$ cat target_22.tsv   # TSV, C-alpha atoms
chain	number	residue	atom	x	y	z
A	1	MET	CA	0.00	0.00	0.00
A	2	SER	CA	1.34	3.43	-0.91
A	3	HIS	CA	1.99	5.87	1.91
A	4	MET	CA	1.93	8.75	-0.57
A	5	GLU	CA	-1.09	10.08	-2.33
A	6	ILE	CA	-1.75	11.89	-5.58
A	7	SER	CA	-3.27	15.28	-4.91
A	8	THR	CA	-5.24	17.16	-7.53
A	9	ALA	CA	-5.67	20.18	-5.28
A	10	VAL	CA	-2.92	22.69	-4.72
A	11	PRO	CA	-2.16	22.61	-0.99
A	12	THR	CA	1.00	24.33	0.07
A	13	ALA	CA	3.89	22.22	1.23
A	14	THR	CA	6.04	23.41	4.08
A	15	LEU	CA	9.45	23.97	5.63
A	16	LEU	CA	10.51	20.91	7.46
A	17	LYS	CA	10.36	19.64	10.95
A	18	HIS	CA	11.43	16.24	12.15
A	19	GLN	CA	12.28	14.71	15.49
A	20	SER	CA	15.71	13.56	14.28
A	21	GLY	CA	17.33	14.22	10.91
A	22	LEU	CA	15.04	17.03	9.88
A	23	ALA	CA	15.49	18.88	13.16
A	24	ALA	CA	19.20	19.00	12.37
A	25	LEU	CA	18.37	20.23	8.90
A	26	ILE	CA	16.34	23.15	10.27
A	27	ALA	CA	19.06	24.05	12.75
A	28	ALA	CA	21.76	23.91	10.09
A	29	ALA	CA	19.65	25.99	7.71
A	30	ALA	CA	19.30	28.67	10.36
A	31	VAL	CA	23.06	28.70	10.91
A	32	LEU	CA	23.73	28.91	7.19
A	33	ALA	CA	21.28	31.76	6.74
A	34	SER	CA	22.68	33.84	9.60
A	35	ALA	CA	26.42	33.12	9.79
A	36	PRO	CA	28.50	33.35	6.59
A	37	TYR	CA	31.68	31.32	6.47
A	38	ALA	CA	34.93	32.99	7.39
A	39	SER	CA	36.49	31.81	4.14
A	40	ALA	CA	33.94	33.77	2.13
A	41	VAL	CA	36.41	36.64	1.75
A	42	THR	CA	38.58	34.49	-0.51
A	43	HIS	CA	35.72	33.77	-2.91
A	44	GLN	CA	35.85	36.52	-5.51
A	45	GLU	CA	32.94	37.73	-7.60
A	46	SER	CA	33.16	37.48	-11.35
A	47	ALA	CA	33.74	40.73	-13.22
A	48	LYS	CA	32.02	39.20	-16.24
A	49	PRO	CA	28.26	39.04	-16.82
A	50	VAL	CA	28.07	35.26	-16.70
A	51	VAL	CA	24.37	35.22	-15.71
A	52	ALA	CA	22.00	38.09	-16.46
A	53	ASP	CA	18.31	38.96	-16.45
A	54	VAL	CA	17.57	36.96	-13.29
A	55	ARG	CA	13.84	37.00	-12.57
A	56	THR	CA	11.38	35.18	-10.33
A	57	LEU	CA	9.63	32.45	-12.29
A	58	ALA	CA	7.41	31.30	-9.40
A	59	ALA	CA	6.96	32.84	-5.95
A	60	LEU	CA	6.23	30.24	-3.26
A	61	ASP	CA	4.66	30.67	0.16
A	62	PHE	CA	7.29	30.07	2.84
A	63	THR	CA	4.88	30.80	5.71
A	64	ALA	CA	2.64	28.01	4.44
A	65	GLY	CA	5.68	25.84	3.89
A	66	ASP	CA	6.54	25.90	0.18
A	67	SER	CA	10.29	25.73	0.68
A	68	PRO	CA	11.89	24.21	-2.44
A	69	GLU	CA	14.80	21.81	-2.05
A	70	ASN	CA	15.57	20.22	-5.42
A	71	PHE	CA	14.20	20.08	-8.95
A	72	ILE	CA	14.48	18.84	-12.51
A	73	VAL	CA	13.76	20.52	-15.83
A	74	ASN	CA	11.38	18.41	-17.92
A	75	PRO	CA	11.46	18.10	-21.74
A	76	ASP	CA	8.51	20.53	-22.03
A	77	ASN	CA	10.47	23.11	-19.96
A	78	SER	CA	8.22	22.65	-16.95
A	79	LEU	CA	9.91	21.98	-13.61
A	80	THR	CA	9.28	19.27	-11.05
A	81	VAL	CA	10.22	20.66	-7.64
A	82	SER	CA	10.52	18.88	-4.28
A	83	THR	CA	9.60	20.74	-1.10
A	84	LEU	CA	10.72	20.22	2.45
A	85	GLY	CA	7.54	19.49	4.35
A	86	GLY	CA	5.65	20.76	7.36
A	87	HIS	CA	6.76	22.29	10.62
A	88	THR	CA	3.56	23.98	11.76
A	89	ALA	CA	0.84	22.69	14.06
A	90	ALA	CA	-1.37	22.36	11.00
A	91	GLY	CA	1.05	19.71	9.74
A	92	GLU	CA	1.34	20.64	6.08
A	93	ARG	CA	2.89	18.02	3.84
A	94	PRO	CA	5.93	17.94	1.61
A	95	ALA	CA	5.11	17.88	-2.07
A	96	LEU	CA	6.28	17.45	-5.61
A	97	LEU	CA	5.22	20.55	-7.50
A	98	ARG	CA	4.91	20.99	-11.25
A	99	ILE	CA	5.75	24.54	-12.27
A	100	ASP	CA	4.89	25.29	-15.88
A	101	PRO	CA	6.88	27.75	-18.03
A	102	SER	CA	4.49	30.55	-17.09
A	103	GLY	CA	5.19	29.99	-13.37
A	104	ARG	CA	1.89	28.32	-12.46
A	105	SER	CA	2.35	25.72	-9.70
A	106	THR	CA	0.41	22.47	-9.23
A	107	VAL	CA	0.88	19.74	-6.63
A	108	ILE	CA	1.38	16.33	-8.25
A	109	VAL	CA	2.29	14.35	-5.11
A	110	ALA	CA	1.58	15.20	-1.48
A	111	GLY	CA	3.51	13.39	1.24
A	112	GLN	CA	2.85	12.83	4.91
A	113	PRO	CA	3.08	15.46	7.68
A	114	GLY	CA	6.49	15.49	9.34
A	115	ASP	CA	8.32	14.09	6.29
A	116	ALA	CA	10.42	15.94	3.73
A	117	PHE	CA	11.09	15.44	0.04
A	118	SER	CA	14.69	16.10	-0.99
A	119	GLY	CA	16.68	14.90	-4.04
A	120	ILE	CA	14.88	14.29	-7.31
A	121	ALA	CA	15.79	12.64	-10.63
A	122	ARG	CA	14.04	11.75	-13.88
A	123	ASP	CA	14.37	8.75	-16.19
A	124	ARG	CA	14.06	8.90	-19.97
A	125	ASP	CA	10.57	7.38	-19.83
A	126	GLY	CA	9.34	10.22	-17.60
A	127	THR	CA	9.52	8.34	-14.31
A	128	THR	CA	10.34	10.69	-11.43
A	129	TYR	CA	12.41	9.43	-8.49
A	130	TYR	CA	12.62	11.31	-5.20
A	131	ASN	CA	13.94	10.91	-1.67
A	132	VAL	CA	11.64	10.87	1.34
A	133	VAL	CA	13.20	11.80	4.68
A	134	SER	CA	11.10	10.34	7.48
A	135	ASP	CA	11.23	8.98	11.02
A	136	ASP	CA	8.75	6.36	9.85
A	137	ALA	CA	10.60	3.27	8.62
A	138	SER	CA	7.71	2.45	6.28
A	139	ARG	CA	8.26	5.71	4.35
A	140	ALA	CA	11.95	6.66	4.59
A	141	GLY	CA	13.74	5.91	1.32
A	142	VAL	CA	13.68	6.39	-2.43
A	143	TRP	CA	10.30	6.62	-4.19
A	144	LYS	CA	9.23	6.59	-7.82
A	145	LEU	CA	6.34	8.20	-9.67
A	146	PRO	CA	5.78	6.61	-13.09
A	147	PRO	CA	3.99	8.61	-15.78
A	148	GLY	CA	0.26	8.40	-15.11
A	149	GLY	CA	0.82	6.13	-12.12
A	150	ALA	CA	0.87	6.26	-8.33
A	151	PRO	CA	4.00	6.75	-6.20
A	152	ARG	CA	5.60	3.74	-4.57
A	153	ARG	CA	8.78	3.11	-2.63
A	154	VAL	CA	11.72	1.60	-4.51
A	155	ALA	CA	14.01	1.06	-1.52
A	156	ALA	CA	14.09	1.81	2.19
A	157	LEU	CA	16.79	4.00	3.75
A	158	PRO	CA	17.77	4.38	7.43
A	159	THR	CA	15.56	6.73	9.44
A	160	ASP	CA	18.64	8.16	11.19
A	161	GLY	CA	20.14	9.17	7.85
A	162	LEU	CA	19.40	12.22	5.75
A	163	PRO	CA	19.03	11.29	2.06
A	164	ASN	CA	19.75	14.42	0.09
A	165	GLY	CA	21.10	14.51	-3.49
A	166	LEU	CA	19.82	11.88	-5.93
A	167	ALA	CA	21.02	10.88	-9.41
A	168	LEU	CA	20.37	8.14	-11.95
A	169	ASP	CA	23.08	6.40	-13.98
A	170	PRO	CA	22.83	6.66	-17.79
A	171	ALA	CA	21.71	3.03	-18.12
A	172	GLY	CA	18.71	3.76	-15.92
A	173	ARG	CA	19.53	0.86	-13.60
A	174	THR	CA	21.07	2.44	-10.50
A	175	LEU	CA	20.16	5.43	-8.36
A	176	TYR	CA	22.84	7.08	-6.21
A	177	VAL	CA	21.83	8.84	-2.99
A	178	ALA	CA	23.97	11.24	-0.94
A	179	ASP	CA	23.36	10.77	2.79
A	180	SER	CA	24.24	14.01	4.58
A	181	ASN	CA	24.16	12.48	8.06
A	182	LYS	CA	26.07	9.29	7.44
A	183	GLY	CA	28.71	10.55	4.97
A	184	THR	CA	27.64	7.80	2.61
A	185	VAL	CA	26.57	7.37	-1.00
A	186	TRP	CA	23.89	4.69	-1.29
A	187	ALA	CA	23.26	2.66	-4.45
A	188	VAL	CA	19.64	1.71	-5.14
A	189	PRO	CA	18.41	-0.49	-8.02
A	190	THR	CA	15.63	1.22	-9.98
A	191	SER	CA	13.91	-2.16	-10.20
A	192	GLY	CA	13.54	-2.13	-6.43
A	193	GLY	CA	15.40	-3.86	-3.65
A	194	LYS	CA	17.91	-3.19	-0.92
A	195	ALA	CA	19.98	-0.02	-0.75
A	196	THR	CA	23.69	-0.75	-0.39
A	197	ALA	CA	26.46	1.54	0.84
A	198	TRP	CA	28.33	2.25	-2.41
A	199	LEU	CA	30.86	4.51	-0.70
A	200	ALA	CA	31.42	5.68	2.88
A	201	ASP	CA	34.45	7.91	3.33
A	202	PRO	CA	35.66	10.76	5.57
A	203	ALA	CA	35.58	13.01	2.48
A	204	LEU	CA	31.78	12.65	2.53
A	205	ALA	CA	31.34	13.10	6.28
A	206	PRO	CA	29.68	16.02	8.09
A	207	ASP	CA	31.34	18.22	10.70
A	208	PRO	CA	30.28	18.78	14.33
A	209	SER	CA	29.67	22.46	13.61
A	210	VAL	CA	27.79	21.85	10.33
A	211	PRO	CA	25.67	18.68	10.40
A	212	PHE	CA	25.67	18.24	6.62
A	213	GLY	CA	28.24	16.19	4.78
A	214	ALA	CA	27.52	14.75	1.33
A	215	ASN	CA	24.81	16.96	-0.11
A	216	GLY	CA	24.29	17.39	-3.84
A	217	LEU	CA	24.95	14.47	-6.17
A	218	ARG	CA	25.14	14.07	-9.97
A	219	PHE	CA	26.16	11.24	-12.28
A	220	HIS	CA	28.24	12.84	-15.02
A	221	ARG	CA	30.64	11.48	-17.63
A	222	GLY	CA	31.32	8.17	-15.95
A	223	ALA	CA	31.60	9.48	-12.42
A	224	VAL	CA	29.54	10.29	-9.36
A	225	TRP	CA	30.05	13.92	-8.34
A	226	VAL	CA	29.22	14.92	-4.77
A	227	SER	CA	29.31	18.21	-2.89
A	228	ASN	CA	30.15	18.29	0.82
A	229	LEU	CA	28.57	21.27	2.55
A	230	ALA	CA	30.58	20.92	5.78
A	231	LYS	CA	33.91	20.89	3.95
A	232	GLY	CA	33.04	23.20	1.06
A	233	THR	CA	34.26	20.63	-1.46
A	234	LEU	CA	33.19	19.24	-4.81
A	235	LEU	CA	34.29	15.64	-5.34
A	236	ARG	CA	34.51	13.46	-8.44
A	237	ILE	CA	34.36	9.68	-7.90
A	238	PRO	CA	34.89	7.54	-11.02
A	239	VAL	CA	32.63	4.52	-11.44
A	240	THR	CA	34.81	1.59	-12.49
A	241	ALA	CA	33.88	-1.05	-15.06
A	242	SER	CA	32.76	-3.31	-12.22
A	243	GLY	CA	30.59	-0.55	-10.77
A	244	VAL	CA	32.65	0.12	-7.64
A	245	PRO	CA	33.97	3.57	-6.76
A	246	GLY	CA	37.40	4.64	-7.92
A	247	ARG	CA	39.71	7.05	-6.17
A	248	ILE	CA	38.07	10.25	-4.91
A	249	HIS	CA	39.28	13.39	-6.67
A	250	THR	CA	38.71	16.79	-5.07
A	251	VAL	CA	37.74	19.12	-7.91
A	252	THR	CA	37.72	22.14	-5.59
A	253	SER	CA	37.69	22.95	-1.91
A	254	GLY	CA	36.61	26.54	-2.55
A	255	LEU	CA	32.82	26.19	-2.14
A	256	PRO	CA	31.89	27.04	1.46
A	257	GLY	CA	28.19	26.52	2.14
A	258	VAL	CA	27.71	24.48	-1.04
A	259	ASP	CA	24.35	22.78	-1.49
A	260	ASP	CA	23.40	21.17	-4.81
A	261	PHE	CA	25.00	21.80	-8.21
A	262	ASN	CA	24.66	21.03	-11.89
A	263	PHE	CA	26.64	21.06	-15.13
A	264	LEU	CA	26.61	23.47	-18.04
A	265	ASN	CA	25.65	20.51	-20.24
A	266	ASP	CA	26.19	16.76	-20.56
A	267	ARG	CA	29.56	17.22	-22.30
A	268	SER	CA	30.98	19.94	-20.06
A	269	ASP	CA	32.68	19.77	-16.66
A	270	VAL	CA	31.78	23.40	-15.96
A	271	VAL	CA	29.65	23.42	-12.80
A	272	PHE	CA	27.10	25.87	-11.45
A	273	ALA	CA	26.86	25.44	-7.65
A	274	ALA	CA	24.33	26.82	-5.17
A	275	GLN	CA	26.12	28.13	-2.09
A	276	ASN	CA	23.26	28.16	0.36
A	277	GLY	CA	25.46	29.29	3.23
A	278	LEU	CA	26.77	32.33	1.35
A	279	ASN	CA	23.61	33.16	-0.59
A	280	GLN	CA	25.54	32.81	-3.84
A	281	VAL	CA	25.79	30.82	-7.03
A	282	ALA	CA	29.31	30.04	-8.19
A	283	VAL	CA	30.84	28.63	-11.34
A	284	VAL	CA	33.48	25.93	-10.90
A	285	HIS	CA	35.82	25.57	-13.87
A	286	PRO	CA	37.38	22.22	-14.82
A	287	ASP	CA	40.69	23.26	-13.25
A	288	GLY	CA	38.94	23.84	-9.91
A	289	ALA	CA	38.92	27.64	-10.09
A	290	THR	CA	35.71	29.20	-8.78
A	291	GLU	CA	33.99	32.50	-9.36
A	292	THR	CA	30.83	33.99	-7.91
A	293	VAL	CA	28.26	34.76	-10.59
A	294	LEU	CA	25.11	35.54	-8.55
A	295	THR	CA	24.57	36.99	-5.06
A	296	ALA	CA	21.78	38.28	-2.84
A	297	SER	CA	21.72	41.40	-5.03
A	298	ASP	CA	20.30	39.16	-7.76
A	299	GLY	CA	17.47	38.13	-5.46
A	300	LEU	CA	18.99	34.91	-4.13
A	301	ALA	CA	17.34	33.69	-0.92
A	302	SER	CA	19.05	30.54	0.45
A	303	PRO	CA	19.68	28.86	-2.93
A	304	THR	CA	19.41	25.09	-2.66
A	305	SER	CA	19.81	23.84	-6.22
A	306	VAL	CA	20.44	24.89	-9.81
A	307	ALA	CA	19.68	23.45	-13.24
A	308	VAL	CA	20.69	24.40	-16.77
A	309	ARG	CA	18.66	24.06	-19.97
A	310	GLY	CA	20.42	25.56	-22.98
A	311	ASN	CA	21.39	29.08	-21.94
A	312	ARG	CA	18.80	29.20	-19.13
A	313	LEU	CA	19.83	28.86	-15.50
A	314	TYR	CA	17.16	27.93	-12.97
A	315	ILE	CA	17.60	28.35	-9.20
A	316	THR	CA	15.48	27.15	-6.29
A	317	ASP	CA	15.52	29.43	-3.23
A	318	ALA	CA	14.39	27.92	0.09
A	319	GLY	CA	13.92	31.33	1.72
A	320	PHE	CA	15.36	30.30	5.11
A	321	ALA	CA	16.40	33.83	6.09
A	322	GLU	CA	14.13	36.84	6.57
A	323	PRO	CA	12.04	37.91	4.70
A	324	HIS	CA	11.62	34.22	3.69
A	325	GLU	CA	11.36	34.67	-0.07
A	326	ALA	CA	10.92	31.07	-1.17
A	327	LYS	CA	10.83	30.97	-4.97
A	328	VAL	CA	12.16	29.63	-8.24
A	329	GLN	CA	14.31	31.98	-10.34
A	330	ARG	CA	15.35	31.93	-13.98
A	331	GLY	CA	18.27	33.73	-15.63
A	332	THR	CA	20.20	33.78	-18.90
A	333	ILE	CA	23.73	32.41	-19.13
A	334	ASN	CA	26.20	34.42	-21.19
A	335	LEU	CA	28.15	31.51	-22.64
A	336	ALA	CA	30.88	33.80	-23.96
A	337	GLY	CA	31.35	35.20	-20.46
A	338	LEU	CA	32.29	31.77	-19.15
A	339	ASN	CA	35.52	31.80	-21.16
A	340	CYS	CA	35.40	28.03	-21.50
A	341	GLY	CA	36.66	26.17	-24.53
A	342	PRO	CA	34.62	23.45	-26.22
A	343	ALA	CA	36.45	20.74	-24.28
A	344	SER	CA	35.52	22.21	-20.88
$ encode --input "target_22.tsv" --output "structure tokens"
Amino acid sequence: MSHMEISTAVPTATLLKHQSGLAALIAAAAVLASAPYASAVTHQESAKPVVADVRTLAALDFTAGDSPENFIVNPDNSLTVSTLGGHTAAGERPALLRIDPSGRSTVIVAGQPGDAFSGIARDRDGTTYYNVVSDDASRAGVWKLPPGGAPRRVAALPTDGLPNGLALDPAGRTLYVADSNKGTVWAVPTSGGKATAWLADPALAPDPSVPFGANGLRFHRGAVWVSNLAKGTLLRIPVTASGVPGRIHTVTSGLPGVDDFNFLNDRSDVVFAAQNGLNQVAVVHPDGATETVLTASDGLASPTSVAVRGNRLYITDAGFAEPHEAKVQRGTINLAGLNCGPAS
């Protein structure tokens, strides 16, 4: 029996509360929103107009709980957005939202009060996968929503973990999950079954002062890429022919407060990264050099994730800090301003 339900109404989802993992998430979000990292002074802003014309595509209601965490851009240029779930006495639910190109928002899945939806991925056939963070062992794990179908759980995950970033391998057989609490990347078969610890390593671990380790996750050009919020790093982990992790390569350690990230395109190693803790979006070049391309002056409000479609950059803003402007933004990438060759 499914513990999720399809909702045809448009209830608002909410910022999260949880007795264990989600409580830490709220506390960490408050720290990130109020206390910039000391190393921020070394992170220089770009003098080039890399991203311009940044506008709000969809304004969301933080007070009712629409705090976006992750998203995907669909082939029709609509977005599927995960939200963090309820923290009020009314017990609003987390949700998957569809935001059409005009900015209109519709709930396509509503979760259970007290849970959160985090990482999200999409298969070629239109199946949507998403993480559910829950204290309830019958709900915590990776879920799937097939086109025209009902959501169901693919694999359980530990209730004391915090599944965050989610990515699908190109073959469509394996999902990779970044666990921010456990410093682990889980591997989950899309056909269903047991989650296995694909990699657990100190490079993925959280820090006592920042209870978020492995955060964003992407499968890109034969490797699993993971951001570590606590360490401000972006890591590349090759997937060997046998499917096991290769040696961890630190692409950069210059991303304090990093949340999720994405690539310029499928052929490029140029990364756009949301720095939630600094209220910035940075570009990471293939040589590890970083430059700030968007700041609070562009309307950023606790950016959690980014996505690229052509020359469009999309950003989800959780709105953790006052005045709690939860929203989805859209800007235009000046490809010439990136100064990246075709091999980048």
$ atom_distance --input "target_22.tsv" --atom1 "atom CA of A:Asn215" --atom2 "atom CA of A:Ser102"
29.8 Å
$ closest_atom_pairs --input "target_22.tsv" --of "stretch 47-76 of chain A" --to "stretch 116-130 of chain A" --cutoff "8 Å" --atoms "all atoms listed in the file" --output "tab-separated table"
residue	atom	partner	partner_atom	distance
A:Glu69	CA	A:Ser118	CA	5.8
A:Asn70	CA	A:Gly119	CA	5.6
A:Phe71	CA	A:Ile120	CA	6.1
A:Ile72	CA	A:Ala121	CA	6.6
$ closest_residue --input "target_22.tsv" --among "A:Asn334, A:Gln275, A:Thr63, A:Asn77" --to "A:Glu322" --atoms "only C-alpha atoms"
A:Thr63
$ atom_distance --input "target_22.tsv" --atom1 "atom CA of A:Phe219" --atom2 "atom CA of A:Leu168"
6.6 Å
$ residues_around --input "target_22.tsv" --residues "A:Arg104" --least-positions-apart "2" --cutoff "12 Å" --atoms "all atoms listed in the file" --output "mmCIF file with C-alpha atoms, keeping the file's coordinate frame"
data_model
loop_
_atom_site.group_PDB
_atom_site.id
_atom_site.type_symbol
_atom_site.label_atom_id
_atom_site.label_comp_id
_atom_site.auth_asym_id
_atom_site.auth_seq_id
_atom_site.Cartn_x
_atom_site.Cartn_y
_atom_site.Cartn_z
ATOM 1 C CA VAL A 10 -2.920 22.690 -4.720
ATOM 2 C CA THR A 56 11.380 35.180 -10.330
ATOM 3 C CA LEU A 57 9.630 32.450 -12.290
ATOM 4 C CA ALA A 58 7.410 31.300 -9.400
ATOM 5 C CA ALA A 59 6.960 32.840 -5.950
ATOM 6 C CA LEU A 60 6.230 30.240 -3.260
ATOM 7 C CA SER A 78 8.220 22.650 -16.950
ATOM 8 C CA LEU A 79 9.910 21.980 -13.610
ATOM 9 C CA THR A 80 9.280 19.270 -11.050
ATOM 10 C CA LEU A 97 5.220 20.550 -7.500
ATOM 11 C CA ARG A 98 4.910 20.990 -11.250
ATOM 12 C CA ILE A 99 5.750 24.540 -12.270
ATOM 13 C CA ASP A 100 4.890 25.290 -15.880
ATOM 14 C CA PRO A 101 6.880 27.750 -18.030
ATOM 15 C CA SER A 102 4.490 30.550 -17.090
ATOM 16 C CA THR A 106 0.410 22.470 -9.230
ATOM 17 C CA VAL A 107 0.880 19.740 -6.630
ATOM 18 C CA LYS A 327 10.830 30.970 -4.970
ATOM 19 C CA VAL A 328 12.160 29.630 -8.240
#
$ residues_around --input "target_22.tsv" --residues "A:Pro202" --least-positions-apart "2" --cutoff "7 Å" --atoms "all atoms listed in the file" --output "JSON, numbers by chain"
{"A": [183, 204, 205]}
$ closest_residue --input "target_22.tsv" --among "A:Ala197, A:Ile108, A:Val54, A:Ala64" --to "A:Pro147" --atoms "only C-alpha atoms"
A:Ile108
$ residues_around --input "target_22.tsv" --residues "A:Val271" --least-positions-apart "6" --cutoff "6 Å" --atoms "all atoms listed in the file" --output "list in words"
Asn262, Phe263, Val283 and Val284 of chain A
$ residues_around --input "target_22.tsv" --residues "A:Pro245" --least-positions-apart "2" --cutoff "12 Å" --atoms "only C-alpha atoms" --output "list in words"
Tyr176, Val185, Trp186, Ala187, Ala197, Trp198, Leu199, Ala200, Asp201, Gly222, Ala223, Val224, Trp225, Arg236, Ile237, Pro238, Val239, Thr240, Ala241, Ser242, Gly243, Arg247, Ile248 and His249 of chain A
$ write_last_selection --input "target_22.tsv" --atoms "C-alpha atoms" --output "compact mmCIF listing (two decimals), in the coordinates of the input"
# COMPACT_ATOMS: atom_id res chain seq x y z
CA TYR A 176 22.84 7.08 -6.21
CA VAL A 185 26.57 7.37 -1.00
CA TRP A 186 23.89 4.69 -1.29
CA ALA A 187 23.26 2.66 -4.45
CA ALA A 197 26.46 1.54 0.84
CA TRP A 198 28.33 2.25 -2.41
CA LEU A 199 30.86 4.51 -0.70
CA ALA A 200 31.42 5.68 2.88
CA ASP A 201 34.45 7.91 3.33
CA GLY A 222 31.32 8.17 -15.95
CA ALA A 223 31.60 9.48 -12.42
CA VAL A 224 29.54 10.29 -9.36
CA TRP A 225 30.05 13.92 -8.34
CA ARG A 236 34.51 13.46 -8.44
CA ILE A 237 34.36 9.68 -7.90
CA PRO A 238 34.89 7.54 -11.02
CA VAL A 239 32.63 4.52 -11.44
CA THR A 240 34.81 1.59 -12.49
CA ALA A 241 33.88 -1.05 -15.06
CA SER A 242 32.76 -3.31 -12.22
CA GLY A 243 30.59 -0.55 -10.77
CA ARG A 247 39.71 7.05 -6.17
CA ILE A 248 38.07 10.25 -4.91
CA HIS A 249 39.28 13.39 -6.67
$ atom_distance --input "target_22.tsv" --atom1 "atom CA of A:Ser67" --atom2 "atom CA of A:Ser302"
10.0 Å
$ closest_residue --input "target_22.tsv" --among "A:Val132, A:Val210, A:Ala203, A:Ala150" --to "A:Val177" --atoms "only C-alpha atoms"
A:Val132
$ residues_around --input "target_22.tsv" --residues "A:Leu175" --least-positions-apart "6" --cutoff "7 Å" --atoms "all atoms listed in the file" --output "list in words"
Leu166, Ala167, Leu168, Asp169, Ala187, Val188, Pro189 and Thr190 of chain A
$ closest_residue --input "target_22.tsv" --among "A:Gly257, A:Pro68, A:Pro208, A:Pro158" --to "A:His324" --atoms "all atoms listed in the file"
A:Pro68
$ closest_residue --input "target_22.tsv" --among "A:Thr295, A:Asn131, A:Gln329, A:Thr250" --to "A:Ser227" --atoms "only C-alpha atoms"
A:Thr250
$ closest_residue --input "target_22.tsv" --among "A:Val308, A:Ala230, A:Asp317, A:Val258" --to "A:Leu335" --atoms "only C-alpha atoms"
A:Val308
$ build_atoms --input "target_22.tsv" --residues "stretch 91-106 of chain A" --atoms "N, CA and C atoms" --output "PDB file, keeping the file's coordinate frame"
ATOM      1  N   GLY A  91       0.469  20.923  10.304  1.00  0.00           N
ATOM      2  CA  GLY A  91       1.050  19.710   9.740  1.00  0.00           C
ATOM      3  C   GLY A  91       0.976  19.624   8.235  1.00  0.00           C
ATOM      4  N   GLU A  92       1.337  20.718   7.534  1.00  0.00           N
ATOM      5  CA  GLU A  92       1.340  20.640   6.080  1.00  0.00           C
ATOM      6  C   GLU A  92       2.326  19.570   5.595  1.00  0.00           C
ATOM      7  N   ARG A  93       2.129  19.148   4.372  1.00  0.00           N
ATOM      8  CA  ARG A  93       2.890  18.020   3.840  1.00  0.00           C
ATOM      9  C   ARG A  93       3.957  18.484   2.859  1.00  0.00           C
ATOM     10  N   PRO A  94       5.012  17.685   2.716  1.00  0.00           N
ATOM     11  CA  PRO A  94       5.930  17.940   1.610  1.00  0.00           C
ATOM     12  C   PRO A  94       5.229  17.630   0.298  1.00  0.00           C
ATOM     13  N   ALA A  95       5.791  18.082  -0.790  1.00  0.00           N
ATOM     14  CA  ALA A  95       5.110  17.880  -2.070  1.00  0.00           C
ATOM     15  C   ALA A  95       6.106  17.834  -3.210  1.00  0.00           C
ATOM     16  N   LEU A  96       5.669  17.230  -4.305  1.00  0.00           N
ATOM     17  CA  LEU A  96       6.280  17.450  -5.610  1.00  0.00           C
ATOM     18  C   LEU A  96       5.375  18.437  -6.339  1.00  0.00           C
ATOM     19  N   LEU A  97       5.965  19.533  -6.782  1.00  0.00           N
ATOM     20  CA  LEU A  97       5.220  20.550  -7.500  1.00  0.00           C
ATOM     21  C   LEU A  97       5.602  20.518  -8.975  1.00  0.00           C
ATOM     22  N   ARG A  98       4.622  20.724  -9.843  1.00  0.00           N
ATOM     23  CA  ARG A  98       4.910  20.990 -11.250  1.00  0.00           C
ATOM     24  C   ARG A  98       4.750  22.484 -11.472  1.00  0.00           C
ATOM     25  N   ILE A  99       5.805  23.123 -11.953  1.00  0.00           N
ATOM     26  CA  ILE A  99       5.750  24.540 -12.270  1.00  0.00           C
ATOM     27  C   ILE A  99       5.895  24.681 -13.782  1.00  0.00           C
ATOM     28  N   ASP A 100       4.854  25.198 -14.426  1.00  0.00           N
ATOM     29  CA  ASP A 100       4.890  25.290 -15.880  1.00  0.00           C
ATOM     30  C   ASP A 100       5.701  26.519 -16.300  1.00  0.00           C
ATOM     31  N   PRO A 101       6.023  26.654 -17.591  1.00  0.00           N
ATOM     32  CA  PRO A 101       6.880  27.750 -18.030  1.00  0.00           C
ATOM     33  C   PRO A 101       6.351  29.149 -17.718  1.00  0.00           C
ATOM     34  N   SER A 102       5.049  29.259 -17.451  1.00  0.00           N
ATOM     35  CA  SER A 102       4.490  30.550 -17.090  1.00  0.00           C
ATOM     36  C   SER A 102       4.605  30.837 -15.596  1.00  0.00           C
ATOM     37  N   GLY A 103       5.036  29.828 -14.811  1.00  0.00           N
ATOM     38  CA  GLY A 103       5.190  29.990 -13.370  1.00  0.00           C
ATOM     39  C   GLY A 103       4.035  29.446 -12.551  1.00  0.00           C
ATOM     40  N   ARG A 104       3.029  28.874 -13.202  1.00  0.00           N
ATOM     41  CA  ARG A 104       1.890  28.320 -12.460  1.00  0.00           C
ATOM     42  C   ARG A 104       2.296  27.010 -11.793  1.00  0.00           C
ATOM     43  N   SER A 105       1.924  26.863 -10.514  1.00  0.00           N
ATOM     44  CA  SER A 105       2.350  25.720  -9.700  1.00  0.00           C
ATOM     45  C   SER A 105       1.173  24.798  -9.404  1.00  0.00           C
ATOM     46  N   THR A 106       1.407  23.492  -9.532  1.00  0.00           N
ATOM     47  CA  THR A 106       0.410  22.470  -9.230  1.00  0.00           C
ATOM     48  C   THR A 106       1.052  21.352  -8.429  1.00  0.00           C
TER      49      THR A 106
END
